[in-house]
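Visitor: After the C-alpha cells below, expect a handful of questions from me.
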Amino acid sequence: MIQQVWAVTLMNLRAVPQRLGASLVIVIGIAGVVGVLVALLSMAKGFQSTLNSTGRPDRVIVMRGGAMDELSSVLFREQATIIKQAPGIRMGADGRPLAVSEVYMLAGLPRKGQTEPANVVLRGTEPHVFAVRPEAKLVEGRMFRPGVYEVIVGRGARDQFAGMHLGGKLPLRDGDWTIVGFFDSGGDVHESELWADAETLMQAGKRGAPNSVTAQLESEQDFQRFKDALTTDPRLNPGVQREPDYYSSRSKALNGLINGLGYTVGVIMAIGALFGALNTMYAAVSTRSVEIATLRAIGFGGAPVVVSVMIEAMLLSLAGGVLGAAIAYVVFNGYSVSTLNFQTFSQVAFAFQVTPDLLRQGVIWSLLIGAVGGFFPALKAARLPVVEALRG
Amino acid sequence: MKYFPLIWSALWRKKPRTIYTMLSIVVAFLLFGMLQAVAVGMSKSFEISGADRLFTAGKFSFTEILPLGYYSRIKSTPGVQLVSHASWFGGVYQDERNMFPQLAVDHETYLEMYDEFIVDEAARKEWARNKTGALVGKGLAQKFGWKVGDRIPIQASIWPKRDGRNDWEFDIVGLLDGKDENAKAQAEVLLFRFDYFDEARQFGQGYVGWYLEKVSDPAQAGSVAAAIDRQFANSPKETRTDSEKAFNQAFMKQLGDIQLIIQSILGAVFFTLLFLTGNTMMQSVRERIPELAVLKTIGFSDRSVLALVLSESLLLCVIAALAGLGIATFLMPGLAAKMPGLYMPPEVWAMGLGVAGLLAFIVGFPPAWRAMRLDIVHALSAR
C-alpha cells in the first residue's frame, strides 16, 4: 500500500515540470492568500504588542472614575496631591513618593512629507519621570527644564513626524517649543509621545487640572491596599488600574478591526485560490487519465491514487504557503507605520511583527486549501472508469 | 453580435474549468466591491456637501475647547451668515464597544447649519420644547432598538454631572436621516442640547468644542476664515479655521495608510487572479488550435480571430465581475447593520467594471495574439 502510494506520487511529481504553468497557479494563488493574511495579522500583532508592552504590573495609573482614557480624564489638583500620598507607593531616594501627576494633551503636527496636522500626544510630566518610568532613557540631548518651553521627543514620534531634530521648534501651545532631547522607552507607546514639564504646559495651555497620576507601588501585592485607600476616600472618585491592564485595553478596538479585516480577506481569498487549485488538479488528473487507468488495470488500488493526488496538491500548496509567508516576512517584518488609535485619538507608531506563530498559521492555511483542492479531483481520479480511459 | 453564440459556446467548451475560473474571479470582485465600498465610503462620508461650511477649532489641536463668548464675535465677522457650535461628549451606551459620536450642539442653529439632515417637524418642535431631548441617527435607532419617546442612559467618560456622577439620560424626540447617502452616514450621531449640557456638567461651563460657520459668498470662504482667526490671534485661545472638508480630510489622513493597505491587498488579489485566469485562457486556446485554424480556413480574418478570443476573455471577466459586485452589493445592508452608514457607492461598480475590462485585456491578449498569428497549415497538420 505504502509502496503503491509512493510509486504513484513519484510519477505525479515527475510530471509537475511538464505542467509548470498550471502547477504555478496553485503555488502563486496560495502564496497570495498566505502573504496577505500574514501581512495583515502581523500589523495587528505589532500594534497590540506596542500597547501590551507598555507599563509594568507594579505600577498604577489613576484617572477619574468613568474616564476611558487619559484624554477624557480630569483630576483636580488637590485630588492628584491626595493620590500621590496614598499608602503603598514606593519612596524615591529623595524621600518623595515615586509618582507623577501628568497632563495629557494632543498637538497637531504634520507627519513627514505631509502638511495636514496629525494628533501627537503631548504629555506634561514631572522632572523625576525617569525615576517613575525607569524603562525610559534619554538617548540624545538633555532633559527639559521647568519654566521654559522645552520638550523631549520619543523615538517613534521622531521617526514619524516632520521637523524632529535637536533645537527644532514645534508649535504646541502658546507658541513654539524647543526640542532639547530624544528618549527611548523600549518600543512602547510612550515613544510616540512628546514630554514637557507639566506645570509649564498647564500654564501655556490654560489648563488648571492634570489628567492622571502614575505611581510606582512598593510591590505588585500592594495594588489592592492602594486601590482601597483611594476608593474609600470621599474626596475622590477614582478609576485605579494596573498599567498593563489600562494600556492593553487601549489596543482592543483597532486590533479587533485589523484582525477582522485580515481573516475576512484571508477567507475570501482562500476560497478564490481553492477554485484555482481545483482547476489545476482536475486538469492534472484528466491529462494523466491514461496513466492512472493503466495503473488501475495492473492492480493498483483506488486509495493510492487518491492519496497521491492529494499529496501532490498539498505539496504545491505548501510551496505556495512557504513562499507567501517568506514574502510577508521579508517585506513587512519590522516595517514601521503610525496610525490613529481611535480609542485614544492619538497617533501610535509601531512596527509590523511577523512572528513564528503567524508563519505557522499561514502554512496551516495553505495545507488546508491544498487538501480540499486536491480531494475532489483525487476522488474523480479514483473513480475513473478504467476501460473508457484506456480507450480514450 | 452575430458571433455571440460562437463566443458563448467557446467559453463553455470545458464547463468545469470555466466555472472554477469564473468563481475565482467572482470571489476577487466580491473582495474588490467590499473593500472599495469601505475605502470610498470612508473618504466620501467626510467630504459632505456644503463647501461653504467653515470649521473653527483650537489652533494647536482640535481638542482644545473655545469660549462660548466667541459665538457673537464670529457672528459679527463680515461675510459670516450663520454660526453654530458643537461639543464632543464622548459617552458610552452600555458598552465601550458601542462606539458612536454624541454631540452637544446649539439646537437653535445646528439643523440649519446641516441642512442636509432630514428631521420631521414634530421632532423639531419637541426638541425645542424638551431640554433633555435628543435626536438620533436612524441606523443607530435600528441597531439599538430605540424608539421616539424612549429615555436612554449614557455614561459620561469626560463630563460628569454636577454631583460627580457619570449617569446622563436623554429623551429621544426624533430620528435623523440624510438627504443622500453621504449625509445618511453623517447622520449616525446623537445630538443633544448644549444648554442642558452646559447647565448640568460639573466643570467646563462656558466652553464649546468647535464652531461652524456658513459664509454668504462661498468664493470668499478663505478670506472669511482668515478674518475669524485674526480676531483671536494673540488671545489665550487662538483658533484655526478651515473648510470643514479640509478639516475632515486631514482627520482621515491620520488613519495613515489604510487606503494604501486596501490597495495593496487588492493588488495582491488581482496579481494572483491574473496568473490564474491567464493560465486558463492560454490552456483553452492551446486546446483549440485546430478549431481556430478551421475558422481561418473558412475565411475568418486574422483580426476577427483576435477579436473572438479577446471577446471570450472579456465575457468571462465581465460576467464574473458583475456577479462578484452583485454579491458585494447584496451583502452591504447586512454589514451596514454593524457599521451604520456603510453602503455601495455607484462608482465602485464603475471602477469594478473598468478593472474587469483591463483584466480581460491583459489575460486575453497573449492567447489572442497567438491565435491571430496562427499558421493554418501547421495548425491543421498538428491534428
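In the C-alpha cells, chains take the letters A, B, ... in the order shown, each chain's residues start at 1, and ligands count up from 1 in the order shown.
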So which residues touch Val305 (chain B) within 8 Å, counting only C-alpha atoms, skipping near sequence neighbours fewer than 2 positions away, as number ranges by chain?
Guide: B: 292, 295-296, 300-303, 307-309, 368, 371-372
Visitor: Please extract the residues of region 235-294 of chain B with a backbone DSSP assignment of helix (DSSP H, G or I) and present them as a PyMOL selection string.
Guide: chain B and resi 244-253+258-287+289-294
Visitor: Grab the CA of Ile30 (chain A) to CA of Arg288 (chain A) distance for me, in Å with one decimal place.
Guide: 23.6 Å
Visitor: Write out, as a Markdown table, each residue of chain A that has an atom at most 8 Å from chain B, together with the closest pair of atoms and their distance in Å to one decimal, counting only C-alpha atoms, rows going by chain and rising number.
Guide:
```
| residue | atom | partner | partner_atom | distance |
| --- | --- | --- | --- | --- |
| A:Gly21 | CA | B:Asn279 | CA | 6.7 |
| A:Ala22 | CA | B:Asn279 | CA | 6.7 |
| A:Val25 | CA | B:Leu276 | CA | 5.4 |
| A:Ile28 | CA | B:Thr272 | CA | 6.3 |
| A:Gly29 | CA | B:Thr272 | CA | 5.2 |
| A:Gly32 | CA | B:Ala268 | CA | 6.0 |
| A:Val33 | CA | B:Val269 | CA | 7.8 |
| A:Val36 | CA | B:Ile265 | CA | 6.4 |
| A:Gly66 | CA | B:Ser157 | CA | 5.2 |
| A:Ala67 | CA | B:Ser157 | CA | 4.2 |
| A:Met68 | CA | B:Ser157 | CA | 5.9 |
| A:Ser72 | CA | B:Ile158 | CA | 4.5 |
| A:Ser73 | CA | B:Ile158 | CA | 5.9 |
| A:Val74 | CA | B:Ile158 | CA | 7.5 |
| A:Leu106 | CA | B:Ser61 | CA | 6.1 |
| A:Ala107 | CA | B:Ser61 | CA | 4.9 |
| A:Gly108 | CA | B:Ser61 | CA | 5.1 |
| A:Glu116 | CA | B:Ala250 | CA | 5.4 |
| A:Pro117 | CA | B:Ala250 | CA | 6.7 |
| A:Ala118 | CA | B:Gln254 | CA | 5.6 |
| A:Asn119 | CA | B:Ser61 | CA | 7.5 |
| A:Pro171 | CA | B:Phe60 | CA | 7.0 |
| A:Leu172 | CA | B:Phe60 | CA | 5.8 |
| A:Arg173 | CA | B:Phe60 | CA | 6.0 |
| A:Asp174 | CA | B:Pro236 | CA | 7.6 |
| A:Lys206 | CA | B:Pro236 | CA | 7.4 |
| A:Asn237 | CA | B:Gly164 | CA | 7.9 |
| A:Ala253 | CA | B:Arg97 | CA | 7.5 |
| A:Val265 | CA | B:Leu31 | CA | 7.1 |
| A:Ile268 | CA | B:Val27 | CA | 6.5 |
| A:Met269 | CA | B:Val27 | CA | 7.0 |
| A:Ile271 | CA | B:Val27 | CA | 7.2 |
| A:Gly272 | CA | B:Ser24 | CA | 4.2 |
| A:Ala273 | CA | B:Ser24 | CA | 6.7 |
| A:Leu274 | CA | B:Ser24 | CA | 8.0 |
| A:Phe275 | CA | B:Tyr20 | CA | 5.1 |
| A:Gly276 | CA | B:Leu276 | CA | 6.5 |
| A:Leu278 | CA | B:Tyr20 | CA | 7.3 |
| A:Asn279 | CA | B:Arg17 | CA | 5.8 |
| A:Ser338 | CA | B:Gly256 | CA | 6.6 |
| A:Thr339 | CA | B:Leu255 | CA | 5.0 |
| A:Leu340 | CA | B:Leu255 | CA | 5.0 |
| A:Gln347 | CA | B:Gln254 | CA | 7.5 |
```
Visitor: Going by DSSP on the backbone, which bits of region 62-292 of chain B are strand (DSSP E)? Write them as a VMD selection string, please.
Guide: chain B and resid 66 to 67 80 to 88 102 to 105 117 to 118 133 to 137 151 to 155 167 to 178 190 to 193 207 to 208 210 to 215 239 to 243
Visitor: What's the separation between CA of Val294 (chain B) and CA of Met281 (chain B), in Å to one decimal place?
Guide: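 Spanning CA of Val294 (chain B) to CA of Met281 (chain B) is a straight-line distance of 19.2 Å.
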Visitor: Go through B:Lys179, B:Lys143, B:Lys75, B:Arg288 one by one, measure the shortest atom-to-atom distance of each to Ile118 (chain B) using only C-alpha atoms, and give the residue with the smallest value.
Guide: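 Using only C-alpha atoms, the shortest distance to Ile118 (chain B) belongs to B:Lys179.
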